[in-house]
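Have a look at the structure below, then the notes.
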Number of protein chains: 6
Amino acid sequence: MNLAPLPNIMIEQAVRAALLEDLGRAGDITSDAVIPAAAQARVAMVAREAGVAAGLDFCKAAFALVDPAIVFTPHLVDGGRLFPGDVLAEISGPARGILTGERVALNFLGHLSGIASATRGIADAIAHTHAKISCTRKTTPGLRFAEKYAVRAGGGANHRFGLDDAILIKDNHIAIAGGVGAAIEAARATIGHLVKIEVEVDTLEQLDEALRHKPDAVLLDNMTPDMLCEAVARIGGRAIAEASGRINAATAPVIAETGVDLISAGWLTHSAKVLDIGLDFAG
Amino acid sequence: MNLAPLPNIMIEQAVRAALLEDLGRAGDITSDAVIPAAAQARVAMVAREAGVAAGLDFCKAAFALVDPAIVFTPHLVDGGRLFPGDVLAEISGPARGILTGERVALNFLGHLSGIASATRGIADAIAHTHAKISCTRKTTPGLRFAEKYAVRAGGGANHRFGLDDAILIKDNHIAIAGGVGAAIEAARATIGHLVKIEVEVDTLEQLDEALRHKPDAVLLDNMTPDMLCEAVARIGGRAIAEASGRINAATAPVIAETGVDLISAGWLTHSAKVLDIGLDFAG
Amino acid sequence: MNLAPLPNIMIEQAVRAALLEDLGRAGDITSDAVIPAAAQARVAMVAREAGVAAGLDFCKAAFALVDPAIVFTPHLVDGGRLFPGDVLAEISGPARGILTGERVALNFLGHLSGIASATRGIADAIAHTHAKISCTRKTTPGLRFAEKYAVRAGGGANHRFGLDDAILIKDNHIAIAGGVGAAIEAARATIGHLVKIEVEVDTLEQLDEALRHKPDAVLLDNMTPDMLCEAVARIGGRAIAEASGRINAATAPVIAETGVDLISAGWLTHSAKVLDIGLDFAG
Amino acid sequence: MNLAPLPNIMIEQAVRAALLEDLGRAGDITSDAVIPAAAQARVAMVAREAGVAAGLDFCKAAFALVDPAIVFTPHLVDGGRLFPGDVLAEISGPARGILTGERVALNFLGHLSGIASATRGIADAIAHTHAKISCTRKTTPGLRFAEKYAVRAGGGANHRFGLDDAILIKDNHIAIAGGVGAAIEAARATIGHLVKIEVEVDTLEQLDEALRHKPDAVLLDNMTPDMLCEAVARIGGRAIAEASGRINAATAPVIAETGVDLISAGWLTHSAKVLDIGLDFAG
Amino acid sequence: MNLAPLPNIMIEQAVRAALLEDLGRAGDITSDAVIPAAAQARVAMVAREAGVAAGLDFCKAAFALVDPAIVFTPHLVDGGRLFPGDVLAEISGPARGILTGERVALNFLGHLSGIASATRGIADAIAHTHAKISCTRKTTPGLRFAEKYAVRAGGGANHRFGLDDAILIKDNHIAIAGGVGAAIEAARATIGHLVKIEVEVDTLEQLDEALRHKPDAVLLDNMTPDMLCEAVARIGGRAIAEASGRINAATAPVIAETGVDLISAGWLTHSAKVLDIGLDFAG
Amino acid sequence: MNLAPLPNIMIEQAVRAALLEDLGRAGDITSDAVIPAAAQARVAMVAREAGVAAGLDFCKAAFALVDPAIVFTPHLVDGGRLFPGDVLAEISGPARGILTGERVALNFLGHLSGIASATRGIADAIAHTHAKISCTRKTTPGLRFAEKYAVRAGGGANHRFGLDDAILIKDNHIAIAGGVGAAIEAARATIGHLVKIEVEVDTLEQLDEALRHKPDAVLLDNMTPDMLCEAVARIGGRAIAEASGRINAATAPVIAETGVDLISAGWLTHSAKVLDIGLDFAG
């Protein structure tokens with residue numbers, strides 16, 4: 001696998017904000033009162049269920065920001081598969097700091113690993129096809145960069161990162177612009193040379209019109225497998241074919257087998273369950 | 001219902017950050033290219049499934065920040081129940097701005113309504129008992145204030161907002177502090193007079209020890225219904241009884257019927273599915 | 001004493017802002033012009049009057065942010081008593097940086113030590129009673145977390161940290177809500193299980209009404225010692241009794257001896273005099 | 001009087017931060033629970049003691065940010081003198097918002113009016129001389145711009161705003177630079193043409209040396225009135241003469257009568273008592 | 001022309017920061033002292049030289065943030081051509097605010113109009129070809145979104161907005177990756193379907209190798225017109241051809257006539273001269 | 001030379017913002033894909049043209065923030081003269097991080113060195129006079145502190161840093177205030193004792209009026225050399241004489257030889273060309 005880590009200044013900024021949110025105006029009043037300042041602890045982050053890890057650098061940053069004396073030792077890298085009982089990382093040092101940083105660290109790790117695991121589930125289900133699984137812009141406000149990273153950690157591909165890095169013409173754009181072709185040409189007239197154009201089509205007629213205007217990609221929304229097969233045939237490799245709508249572990253293989261290049265699902269980022277990871281004290 | 005709205009400056013700050021995240025460095029290049037500046041539109045936010053609304057003020061703020069000329073007319077208030085096809089709000093004005101703000105508005109609305117709906121599901125399931133359903137600190141980094149609000153919108157109660165507004169002594173605290181009683185007394189010695197103390201217990205023996213030290217609340221973690229009944233009896237109203245662990249729509253009534261005051265579930269905020277809400281063009 | 005330090009990321013954020021405020025757009029033009037880059041210095045922070053130290057970690061952060069080469073060696077911990085001439089800390093390293101950071105460091109240290117010292121003065125005056133001295137929300141905008149910490153350093157207790165972590169029903173709330181009892185019940189109906197309710201009462205009749213609704217605490221505002229004695233008797237341990245109004249070193253013992261649990265004073269945080277601490281060059 | 005208001009974007013930024021600090025993660029839970037959403041109120045900000053007003057625009061911003069429906073009507077302008085019972089402003093509108101914004105508004109108003117009042121006290125005491133009273137850089141972290149404004153509102157003058165807008169050579173600079181003259185010349189060699197040079201002197205010999213190097217101002221630190229008279233004579237109008245050290249209402253006239261141009265006192269900003277201003281409900 | 005305005009929240013954020021930078025800790029002390037609060041003024045922003053306007057919305061935001069009572073009336077839209085003496089906008093209202101906001105407004109307007117004018121100069125010079133002029137990532141830190149907008153206003157195209165929205169493989173990447181082809185394939189293996197790949201080539205041999213790996217675009221760096229002609233021929237429309245290096249008004253036509261699709265120049269954003277625009281008082 | 005470095009917290013804040021601007025929401029996708037994580041590199045920052053260095057600490061901060069493992073070794077200090085081929089700094093460490101940070105580092109270095117070089121060009125041209133070259137407030141929004149520093153690095157002097165640190169009465173102020181004298185007196189009546197007053201005059205008559213009111217400096221705007229000579233004579237050392245308008249390498253000596261103390265030019269900061277500095281791989 002070839003997953004590049006996120007730049008640390010992006011991670012640290014998000015983790016710092018999360019810690020300040022949790023510390024509020026008085027800090028961890030429980031640990032401060034109950035745990036002696038000199039107490040040391042050694043804990044392990046342990047997977048309680050199977051999945052894929054994502055977010056270890058966020059955990060490392062959380063503990064380092066709480067107390068630089070805490071030593072964080074990851075046992076695997078993001079993207080690695082987990083089985084129940086697997087240790088993701090060991091953490092040792094001042095007990096107060098470990099307890100203070102625990103929740104923020106686990107909130108990131110569980111959330112991002114949940115996304116990575118859901119993505120990996122679909123990726124595995126379609127591994128026998130050439131299709132990739134992709135996320136959308138339906139992300140949690142403020143966490144897009146992290147959630148998109150988690151998708152990559154799960155073996156998925158990234159769709160647009162925002163409104164500004166690619167053209168995606170949807171049904172409402174088409175309605176107002178006066179048709180698929182008009183919309184594509186309007187887009188092409190203004191964009192930079194490194195910006196791709198994708199257009200959403202709901203029917204084969206729209207697809208044909210779209211193809212006449214040479215988009216880089218077409219989004220085949222909510223089509224049946226039969227329609228998708230026909231669409232792929234009509235596209236004939238002239239554009240990337242993306243299928244969306246009702247993607248899950250059961251439907252994904254069927255859809256992927258139609259020959260589309262990409263299937264995308266918003267729920268990977270907005271509705272994936274947290275991966276259950278706990279902190280076990282080792283001493 | 002009596003759900004107080006969040007202060008606008010809290011909402012606006014979160015929405016502004018989400019918009020800037022989505023707009024990136026060039027804004028909505030699709031709508032800018034494809035939608036004439038003068039085009040007007042009227043759209044409706046429509047529920048695609050049943051649930052409970054939460055986040056309408058976030059939507060209002062999103063459209064207002066994109067273009068003050070957009071008129072946002074809510075058809076209900078947060079906490080209101082939704083059925084498929086229900087219109088949550090109508091939005092009219094410049095089409096470009098509506099399309100630009102759509103995704104951020106729906107990301108908030110879907111996420112928060114998902115939490116409210118999940119909470120309402122449990123709340124309804126235990127409505128015949130005196131127990132309340134509560135969230136935890138297992139929230140999405142950066143969105144705790146909003147997710148806790150969504151829990152309230154769904155008829156749930158809020159647990160701690162952070163590490164600083166209540167004492168919650170957990171198993172690891174107890175292990176290091178040298179026992180339940182020692183931990184409670186250590187906490188009591190330092191806290192302010194408006195801070196409550198809750199202690200997690202895993203056994204009835206720990207519960208008995210805890211009760212001797214008069215905590216405000218006890219967290220009965222992962223106990224069977226039988227154990228919970230016994231625990232409630234031993235508590236005898238001297239502390240708030242909270243049950244946690246494996247709460248879902250099926251188990252919640254059983255657990256609530258044991259007589260506990262509160263059942264709490266992290267998944268309400270970290271793993272609730274987005275509520276499916278779409279934007280339909282009306283003209 | 002058992003004063004937990006504030007998390008470093010809370011301190012650093014405040015100190016960084018203060019340094020940028022002082023450095024402006026050109027930095028310390030005096031030291032830059034007058035002090036050779038290579039000059040080293042050794043200075044001592046010395047108490048010019050008796051009091052209690054608070055804010056040493058803020059000083060440490062200030063010098064570290066100005067120049068990591070500066071070595072800051074505290075001679076005591078926050079909460080420690082000071083006598084004129086006592087050295088709080090020694091600082092050695094590049095002279096420029098020491099002079100640049102001096103004012104910000106002393107502004108924090110003097111302000112917070114002033115609050116700690118004022119608090120300690122009252123705490124000592126009532127040490128023969130079981131009452132504690134507490135602050136209020138009358139704090140300097142932006143510094144609440146630090147000022148509340150200084151109160152703890154002075155042996156005081158903390159009241160609410162904000163509008164959101166406890167219910168405090170005041171006279172104006174009661175007037176609008178239609179009475180003490182109605183207000184308490186309205187509050188109880190909405191709050192989480194870890195939130196306490198305190199209600200302000202001005203008369204014994206209000207107190208009686210309040211007690212019937214079982215608040216966690218009552219704020220006895222501006223009552224005479226005789227009234228306070230009667231109030232404490234009526235409360236009979238069923239609620240925490242807090243006295244406020246006209247608290248100073250002379251009145252505090254009299255009020256504390258009435259048997260109240262807590263006396264609170266806004267001036268501890270908003271009007272305490274800075275503790276006079278200077279920087280003496282040692283070479 | 002000719003007091004220019006602070007730019008609104010400076011005020012709003014400080015007030016917004018203070019509101020967010022007070023609202024925390026749940027907002028004003030007391031008012032939200034106890035005050036009906038539709039309740040209206042009319043209140044008056046009333047002086048409980050004599051003094052000088054400062055900070056009315058901060059109050060206006062606080063209420064506007066909490067709820068734009070609140071109408072804030074000032075009865076005087078900053079810098080105006082107050083007597084017990086005087087109404088500074090009337091506020092009417094939604095009761096919840098008024099109660100939510102009250103504390104932040106009063107925290108600014110009391111703090112800044114306290115500084116203005118203390119400044120006015122000294123200014124009046126030296127009104128028969130040509131000397132002005134000035135603040136220092138001993139301000140509360142984060143509030144320098146506001147505290148300096150309050151000094152102006154009280155009829156005082158402003159010293160440096162930071163380390164970067166004027167040269168102030170102090171004893172420690174002189175010690176390291178190798179003398180008063182060397183320090184002044186080093187400063188002059190680097191600064192811009194709109195930057196003034198002030199130098200602190202402790203003795204008349206230092207003063208003579210300083211004057212030979214033509215500083216714009218000299219800071220006569222902790223000198224007796226006799227020494228100040230002599231110093232003023234030696235300066236002979238060639239530099240601004242500033243006296244500092246132990247300035248209060250009793251000593252100020254004596255010191256001002258020595259003929260100095262300016263007397264400066266750090267306590268105006270760091271230790272002035274809050275001016276007691278209350279909020280009275282009028283309906 | 002079809003230049004979409006930047007979203008207002010992007011503009012306002014930049015302008016607010018610039019105003020706070022200029023206002024410092026005391027605001028506009030000159031205008032506050034010299035201009036009566038009630039004085040009104042009417043001024044015109046007038047071009048002192050020919051060019052293209054860009055940044056009018058930044059000016060509007062600047063004056064609105066300083067004082068909402070100021071009325072800003074643009075006489076043209078961004079992208080419009082200017083001749084000496086042309087009025088870009090009229091501004092009327094409180095004189096103080098106009099003078100306070102003037103410099104920030106003009107700093108944005110001059111800088112962005114300078115970029116737009118430089119871009120238009122090249123765009124006009126190559127208007128007889130099908131090539132476009134494009135900027136690079138050599139922008140002023142913090143102003144990339146604005147400078148890229150100014151390029152669009154001048155009739156130019158935008159290159160990448162950052163490191164994250166397109167692949168641009170440069171000479172150093174190639175050297176480390178082990179060749180043009182290896183680099184392209186490594187990129188293709190990881191990127192999303194809406195990300196384009198451009199590769200820089202310095203020789204025709206590299207170009208041939210690149211073309212075998214089907215990049216979306218090739219950057220022909222520092223080639224002579226003859227080499228460019230040959231390169232364009234070899235590319236044969238299979239990739240976008242971008243030429244860079246030593247582009248100016250004299251060389252641009254020659255380079256554009258080689259048939260390349262795009263010529264790019266860093267100096268448009270990093271070294272364009274400010275367009276001279278002044279503020280004339282009309283009363 | 002005696003150029004004090006900027007405080008690191010000022011530099012780091014600007015560099016962090018620039019990096020986040022460039023990294024966007026996915027980081028450096030090219031280097032992440034193309035450069036092996038373990039690859040090391042050694043590069044040199046090399047001057048491609050003659051000039052003066054400024055901004056090396058910004059580069060150091062950029063690489064350190066991207067990857068602390070990168071070693072940055074400067075070969076000279078800011079203010080040092082450069083000739084084509086000169087190495088400004090060597091950088092070694094992880095190749096990915098070096099490539100990721102390169103553009104931000106060079107954007108600062110080129111921009112600031114460009115300003116320093118332009119300033120040095122004028123400074124050298126007037127070195128035979130006693131006049132200094134100064135910048136203005138015509139700076140790039142957000143970079144004033146850095147650009148003013150670059151002017152110092154180039155041997156220039158700094159004018160005001162903002163609206164708040166000196167009085168500069170311009171033609172429009174004079175028009176509204178009712179004359180030069182009235183404006184100066186209005187300013188003098190309100191300012192602090194460390195604030196200087198400069199007044200712009202366009203004619204010798206205005207100059208005479210100004211001098212009667214003893215400003216600290218006069219700005220002689222757009223006067224011919226002959227007028228400047230006469231103005232200098234009339235000033236007779238009673239105020240600093242600043243000349244502005246049409247300053248360039250050719251006119252500067254002539255203007256400086258008139259005896260003015262200062263010549264100022266906005267283009268130094270707003271229109272100086274970037275200094276061409278490249279990154280050469282050494283292995």
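Every chain in the structure tokens has a letter given in the order shown (A, B, ...), and although residue numbers restart at 1 in each chain, ligands are simply numbered from 1 in the order shown.
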
TODO: Extract the full set of helix (DSSP H, G or I) residues from range 64-222 of chain D according to DSSP on the backbone, and format it as a PyMOL selection string.
DONE: chain D and resi 64-66+95-125+144-153+171-177+180-190+204-212

TODO: Do a neighbour search on range 113-115 of chain F at 8 Å with only C-alpha atoms, toss out local chain neighbours closer than 2 positions, and write the hits as a VMD selection string.
DONE: chain F and resid 51 to 55 109 to 111 117 to 119 147 150 to 151 154 268 to 269 272 to 275

May I have the selected residues written with N, CA and C atoms, as a PDB file, in the first residue's frame?
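Everything below was put into again15.pdb:
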ATOM      1  N   GLY F  51      21.358  40.869  -5.905  1.00  0.00           N
ATOM      2  CA  GLY F  51      20.388  41.525  -5.048  1.00  0.00           C
ATOM      3  C   GLY F  51      20.769  41.407  -3.602  1.00  0.00           C
ATOM      4  N   VAL F  52      19.753  41.476  -2.746  1.00  0.00           N
ATOM      5  CA  VAL F  52      19.962  41.420  -1.296  1.00  0.00           C
ATOM      6  C   VAL F  52      18.992  40.395  -0.727  1.00  0.00           C
ATOM      7  N   ALA F  53      19.499  39.576   0.174  1.00  0.00           N
ATOM      8  CA  ALA F  53      18.664  38.518   0.756  1.00  0.00           C
ATOM      9  C   ALA F  53      17.760  39.048   1.859  1.00  0.00           C
ATOM     10  N   ALA F  54      16.537  38.557   1.885  1.00  0.00           N
ATOM     11  CA  ALA F  54      15.635  38.820   3.014  1.00  0.00           C
ATOM     12  C   ALA F  54      14.608  37.705   3.067  1.00  0.00           C
ATOM     13  N   GLY F  55      14.419  37.159   4.262  1.00  0.00           N
ATOM     14  CA  GLY F  55      13.388  36.140   4.421  1.00  0.00           C
ATOM     15  C   GLY F  55      13.923  34.752   4.734  1.00  0.00           C
ATOM     16  N   LEU F 109      10.794  34.172   0.235  1.00  0.00           N
ATOM     17  CA  LEU F 109      12.171  34.610   0.025  1.00  0.00           C
ATOM     18  C   LEU F 109      12.281  35.521  -1.194  1.00  0.00           C
ATOM     19  N   GLY F 110      11.627  35.138  -2.277  1.00  0.00           N
ATOM     20  CA  GLY F 110      11.701  35.942  -3.494  1.00  0.00           C
ATOM     21  C   GLY F 110      11.043  37.300  -3.317  1.00  0.00           C
ATOM     22  N   HIS F 111       9.889  37.281  -2.675  1.00  0.00           N
ATOM     23  CA  HIS F 111       9.148  38.527  -2.470  1.00  0.00           C
ATOM     24  C   HIS F 111       9.932  39.481  -1.562  1.00  0.00           C
ATOM     25  N   SER F 117      16.144  44.144  -2.233  1.00  0.00           N
ATOM     26  CA  SER F 117      17.043  44.497  -3.331  1.00  0.00           C
ATOM     27  C   SER F 117      16.681  45.852  -3.933  1.00  0.00           C
ATOM     28  N   ALA F 118      15.405  46.090  -4.104  1.00  0.00           N
ATOM     29  CA  ALA F 118      14.971  47.387  -4.634  1.00  0.00           C
ATOM     30  C   ALA F 118      15.365  48.507  -3.677  1.00  0.00           C
ATOM     31  N   THR F 119      15.191  48.237  -2.388  1.00  0.00           N
ATOM     32  CA  THR F 119      15.543  49.250  -1.387  1.00  0.00           C
ATOM     33  C   THR F 119      17.035  49.529  -1.416  1.00  0.00           C
ATOM     34  N   GLU F 147       7.141  42.940   4.982  1.00  0.00           N
ATOM     35  CA  GLU F 147       7.660  43.826   3.937  1.00  0.00           C
ATOM     36  C   GLU F 147       8.459  44.986   4.537  1.00  0.00           C
ATOM     37  N   ALA F 150      11.745  43.683   5.293  1.00  0.00           N
ATOM     38  CA  ALA F 150      12.568  43.554   4.079  1.00  0.00           C
ATOM     39  C   ALA F 150      13.171  44.900   3.692  1.00  0.00           C
ATOM     40  N   VAL F 151      12.426  45.960   3.907  1.00  0.00           N
ATOM     41  CA  VAL F 151      12.969  47.303   3.644  1.00  0.00           C
ATOM     42  C   VAL F 151      14.176  47.554   4.547  1.00  0.00           C
ATOM     43  N   GLY F 154      17.149  45.842   3.364  1.00  0.00           N
ATOM     44  CA  GLY F 154      17.746  46.475   2.203  1.00  0.00           C
ATOM     45  C   GLY F 154      18.412  47.808   2.529  1.00  0.00           C
ATOM     46  N   LEU F 268       8.475  50.346  -3.430  1.00  0.00           N
ATOM     47  CA  LEU F 268       9.415  49.391  -2.825  1.00  0.00           C
ATOM     48  C   LEU F 268       8.679  48.171  -2.296  1.00  0.00           C
ATOM     49  N   THR F 269       7.512  48.415  -1.713  1.00  0.00           N
ATOM     50  CA  THR F 269       6.776  47.283  -1.139  1.00  0.00           C
ATOM     51  C   THR F 269       5.663  46.776  -2.043  1.00  0.00           C
ATOM     52  N   ALA F 272       7.878  46.073  -6.199  1.00  0.00           N
ATOM     53  CA  ALA F 272       9.225  45.545  -6.454  1.00  0.00           C
ATOM     54  C   ALA F 272       9.106  44.170  -7.099  1.00  0.00           C
ATOM     55  N   LYS F 273       9.969  43.917  -8.051  1.00  0.00           N
ATOM     56  CA  LYS F 273       9.983  42.601  -8.673  1.00  0.00           C
ATOM     57  C   LYS F 273      10.555  41.577  -7.698  1.00  0.00           C
ATOM     58  N   VAL F 274       9.998  40.374  -7.759  1.00  0.00           N
ATOM     59  CA  VAL F 274      10.575  39.274  -7.005  1.00  0.00           C
ATOM     60  C   VAL F 274      12.040  39.101  -7.387  1.00  0.00           C
ATOM     61  N   LEU F 275      12.884  38.767  -6.416  1.00  0.00           N
ATOM     62  CA  LEU F 275      14.261  38.414  -6.763  1.00  0.00           C
ATOM     63  C   LEU F 275      14.275  36.956  -7.185  1.00  0.00           C
TER      64      LEU F 275
END

Open item on the list: I'd like the contact shell of Ile277 in chain A - 7 Å cut-off, only C-alpha atoms, skipping same-chain residues fewer than 5 positions apart - returned as a list in words.
Closed with: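 So, after excluding close chain neighbours, the residues are Met45, Val46, Ala47, Arg48 and Gly110 of chain A.
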
Per residue of chain C within 12 Å of chain E, which atom pair is closest and at what distance in Å (one decimal), using only C-alpha atoms, listed by chain and increasing number, as CSV?
residue,atom,partner,partner_atom,distance
C:Leu20,CA,E:Gly24,CA,11.3
C:Glu21,CA,E:Arg25,CA,8.2
C:Asp22,CA,E:Arg25,CA,9.7
C:Leu23,CA,E:Gly24,CA,11.1
C:Gly24,CA,E:Gly24,CA,7.5
C:Arg25,CA,E:Glu21,CA,8.2
C:Ala26,CA,E:Gly24,CA,11.6

Open item on the list: So that I can check the secondary structure, give me every residue of range 6-209 of chain C assigned strand (DSSP E or B) by backbone DSSP, as a PyMOL selection string.
Closed with: chain C and resi 40-47+51-52+71-74+81-82+87-94+132-134+157+167-169+195+197-201

Open item on the list: Set the distance at 8 Å and use only C-alpha atoms: which residues neighbour range 226-229 of chain E once local chain neighbours fewer than 2 positions away are removed? I'd like the list as an MDAnalysis selection string.
Closed with: chainID E and resid 204 220 223:224 231:233 243 255 258:260

At a cut-off of 6 Å, using only C-alpha atoms, what residues contact range 39-44 of chain D? Leave out same-chain residues fewer than 6 positions from it and give the result as a compact mmCIF listing (two decimals) with N, CA and C atoms, in the first residue's frame.
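So the final result, stored in result.txt, reads:
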# COMPACT_ATOMS: atom_id res chain seq x y z
N ALA D 89 -27.63 53.53 29.94
CA ALA D 89 -28.28 53.09 28.70
C ALA D 89 -29.54 52.33 29.05
N GLU D 90 -30.47 52.34 28.11
CA GLU D 90 -31.65 51.50 28.25
C GLU D 90 -31.58 50.41 27.19
N ILE D 91 -32.06 49.25 27.58
CA ILE D 91 -32.00 48.09 26.69
C ILE D 91 -33.39 47.45 26.69
N SER D 92 -33.92 47.23 25.52
CA SER D 92 -35.24 46.60 25.48
C SER D 92 -35.29 45.57 24.36
N GLY D 93 -36.12 44.57 24.57
CA GLY D 93 -36.24 43.51 23.57
C GLY D 93 -36.43 42.16 24.24
N PRO D 94 -36.11 41.09 23.50
CA PRO D 94 -36.28 39.74 24.03
C PRO D 94 -35.54 39.55 25.35
N ALA D 95 -36.27 39.11 26.37
CA ALA D 95 -35.70 39.02 27.72
C ALA D 95 -34.55 38.02 27.77
N LEU D 279 -27.75 46.29 36.43
CA LEU D 279 -28.81 46.22 35.43
C LEU D 279 -30.14 46.15 36.18
N ASP D 280 -30.94 47.17 36.06
CA ASP D 280 -32.23 47.19 36.74
C ASP D 280 -33.36 46.91 35.74
N PHE D 281 -34.22 45.98 36.14
CA PHE D 281 -35.35 45.68 35.27
C PHE D 281 -36.42 46.76 35.41
N ALA D 282 -36.89 47.20 34.28
CA ALA D 282 -37.92 48.24 34.29
C ALA D 282 -39.25 47.66 33.84
N GLY D 283 -39.26 46.41 33.51
CA GLY D 283 -40.54 45.84 33.06
C GLY D 283 -40.32 44.54 32.32

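Note that the spacing between CA of Gly192 in chain E and CA of Asn158 in chain A amounts to 5.0 Å.
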
Open item on the list: Just the number, please: distance in Å from CA of Gly245 in chain B to CA of Leu219 in chain B, one decimal.
Closed with: 10.2 Å

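Here CA of Thr139 in chain B is placed at a distance of 20.5 Å from CA of Asp171 in chain B.
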
Open item on the list: Please list as a ChimeraX atom specification every residue within 12 Å of Glu257 in chain E, counting only C-alpha atoms and excluding residues in the same chain fewer than 5 positions away.
Closed with: /E:125-132,225-226,228-229,232,243,251-252,262-263

TODO: Excluding Arg96 in chain C and any residue of its chain fewer than 4 positions from it, enumerate the residues within 10 Å of it, using only C-alpha atoms, and give them as JSON, numbers by chain.
DONE: {"C": [28, 30, 31, 32, 33, 34, 35, 36, 37, 38, 39, 40, 41, 66, 67, 100, 101, 102], "D": [173, 176]}

Resulting file, chosen residues, C-alpha atoms, as a PDB file, in the first residue's frame:
ATOM      1  CA  ASP C  28      10.793  45.076  20.426  1.00  0.00           C
ATOM      2  CA  THR C  30      14.235  49.112  21.801  1.00  0.00           C
ATOM      3  CA  SER C  31      15.942  45.865  22.722  1.00  0.00           C
ATOM      4  CA  ASP C  32      16.690  45.120  19.087  1.00  0.00           C
ATOM      5  CA  ALA C  33      18.504  48.435  18.767  1.00  0.00           C
ATOM      6  CA  VAL C  34      20.147  48.701  22.133  1.00  0.00           C
ATOM      7  CA  ILE C  35      20.994  45.166  23.233  1.00  0.00           C
ATOM      8  CA  PRO C  36      23.707  43.288  21.305  1.00  0.00           C
ATOM      9  CA  ALA C  37      22.397  40.041  19.831  1.00  0.00           C
ATOM     10  CA  ALA C  38      24.988  38.044  21.745  1.00  0.00           C
ATOM     11  CA  ALA C  39      24.401  39.621  25.158  1.00  0.00           C
ATOM     12  CA  GLN C  40      23.383  37.206  27.867  1.00  0.00           C
ATOM     13  CA  ALA C  41      21.591  38.016  31.082  1.00  0.00           C
ATOM     14  CA  VAL C  66      10.130  34.618  22.567  1.00  0.00           C
ATOM     15  CA  ASP C  67      13.323  32.569  22.509  1.00  0.00           C
ATOM     16  CA  THR C 100      11.258  41.365  25.131  1.00  0.00           C
ATOM     17  CA  GLY C 101       9.247  38.813  27.087  1.00  0.00           C
ATOM     18  CA  GLU C 102       9.467  40.524  30.467  1.00  0.00           C
TER      19      GLU C 102
ATOM     20  CA  HIS D 173      18.799  48.353  28.662  1.00  0.00           C
ATOM     21  CA  ILE D 176      23.675  46.151  29.088  1.00  0.00           C
TER      22      ILE D 176
END
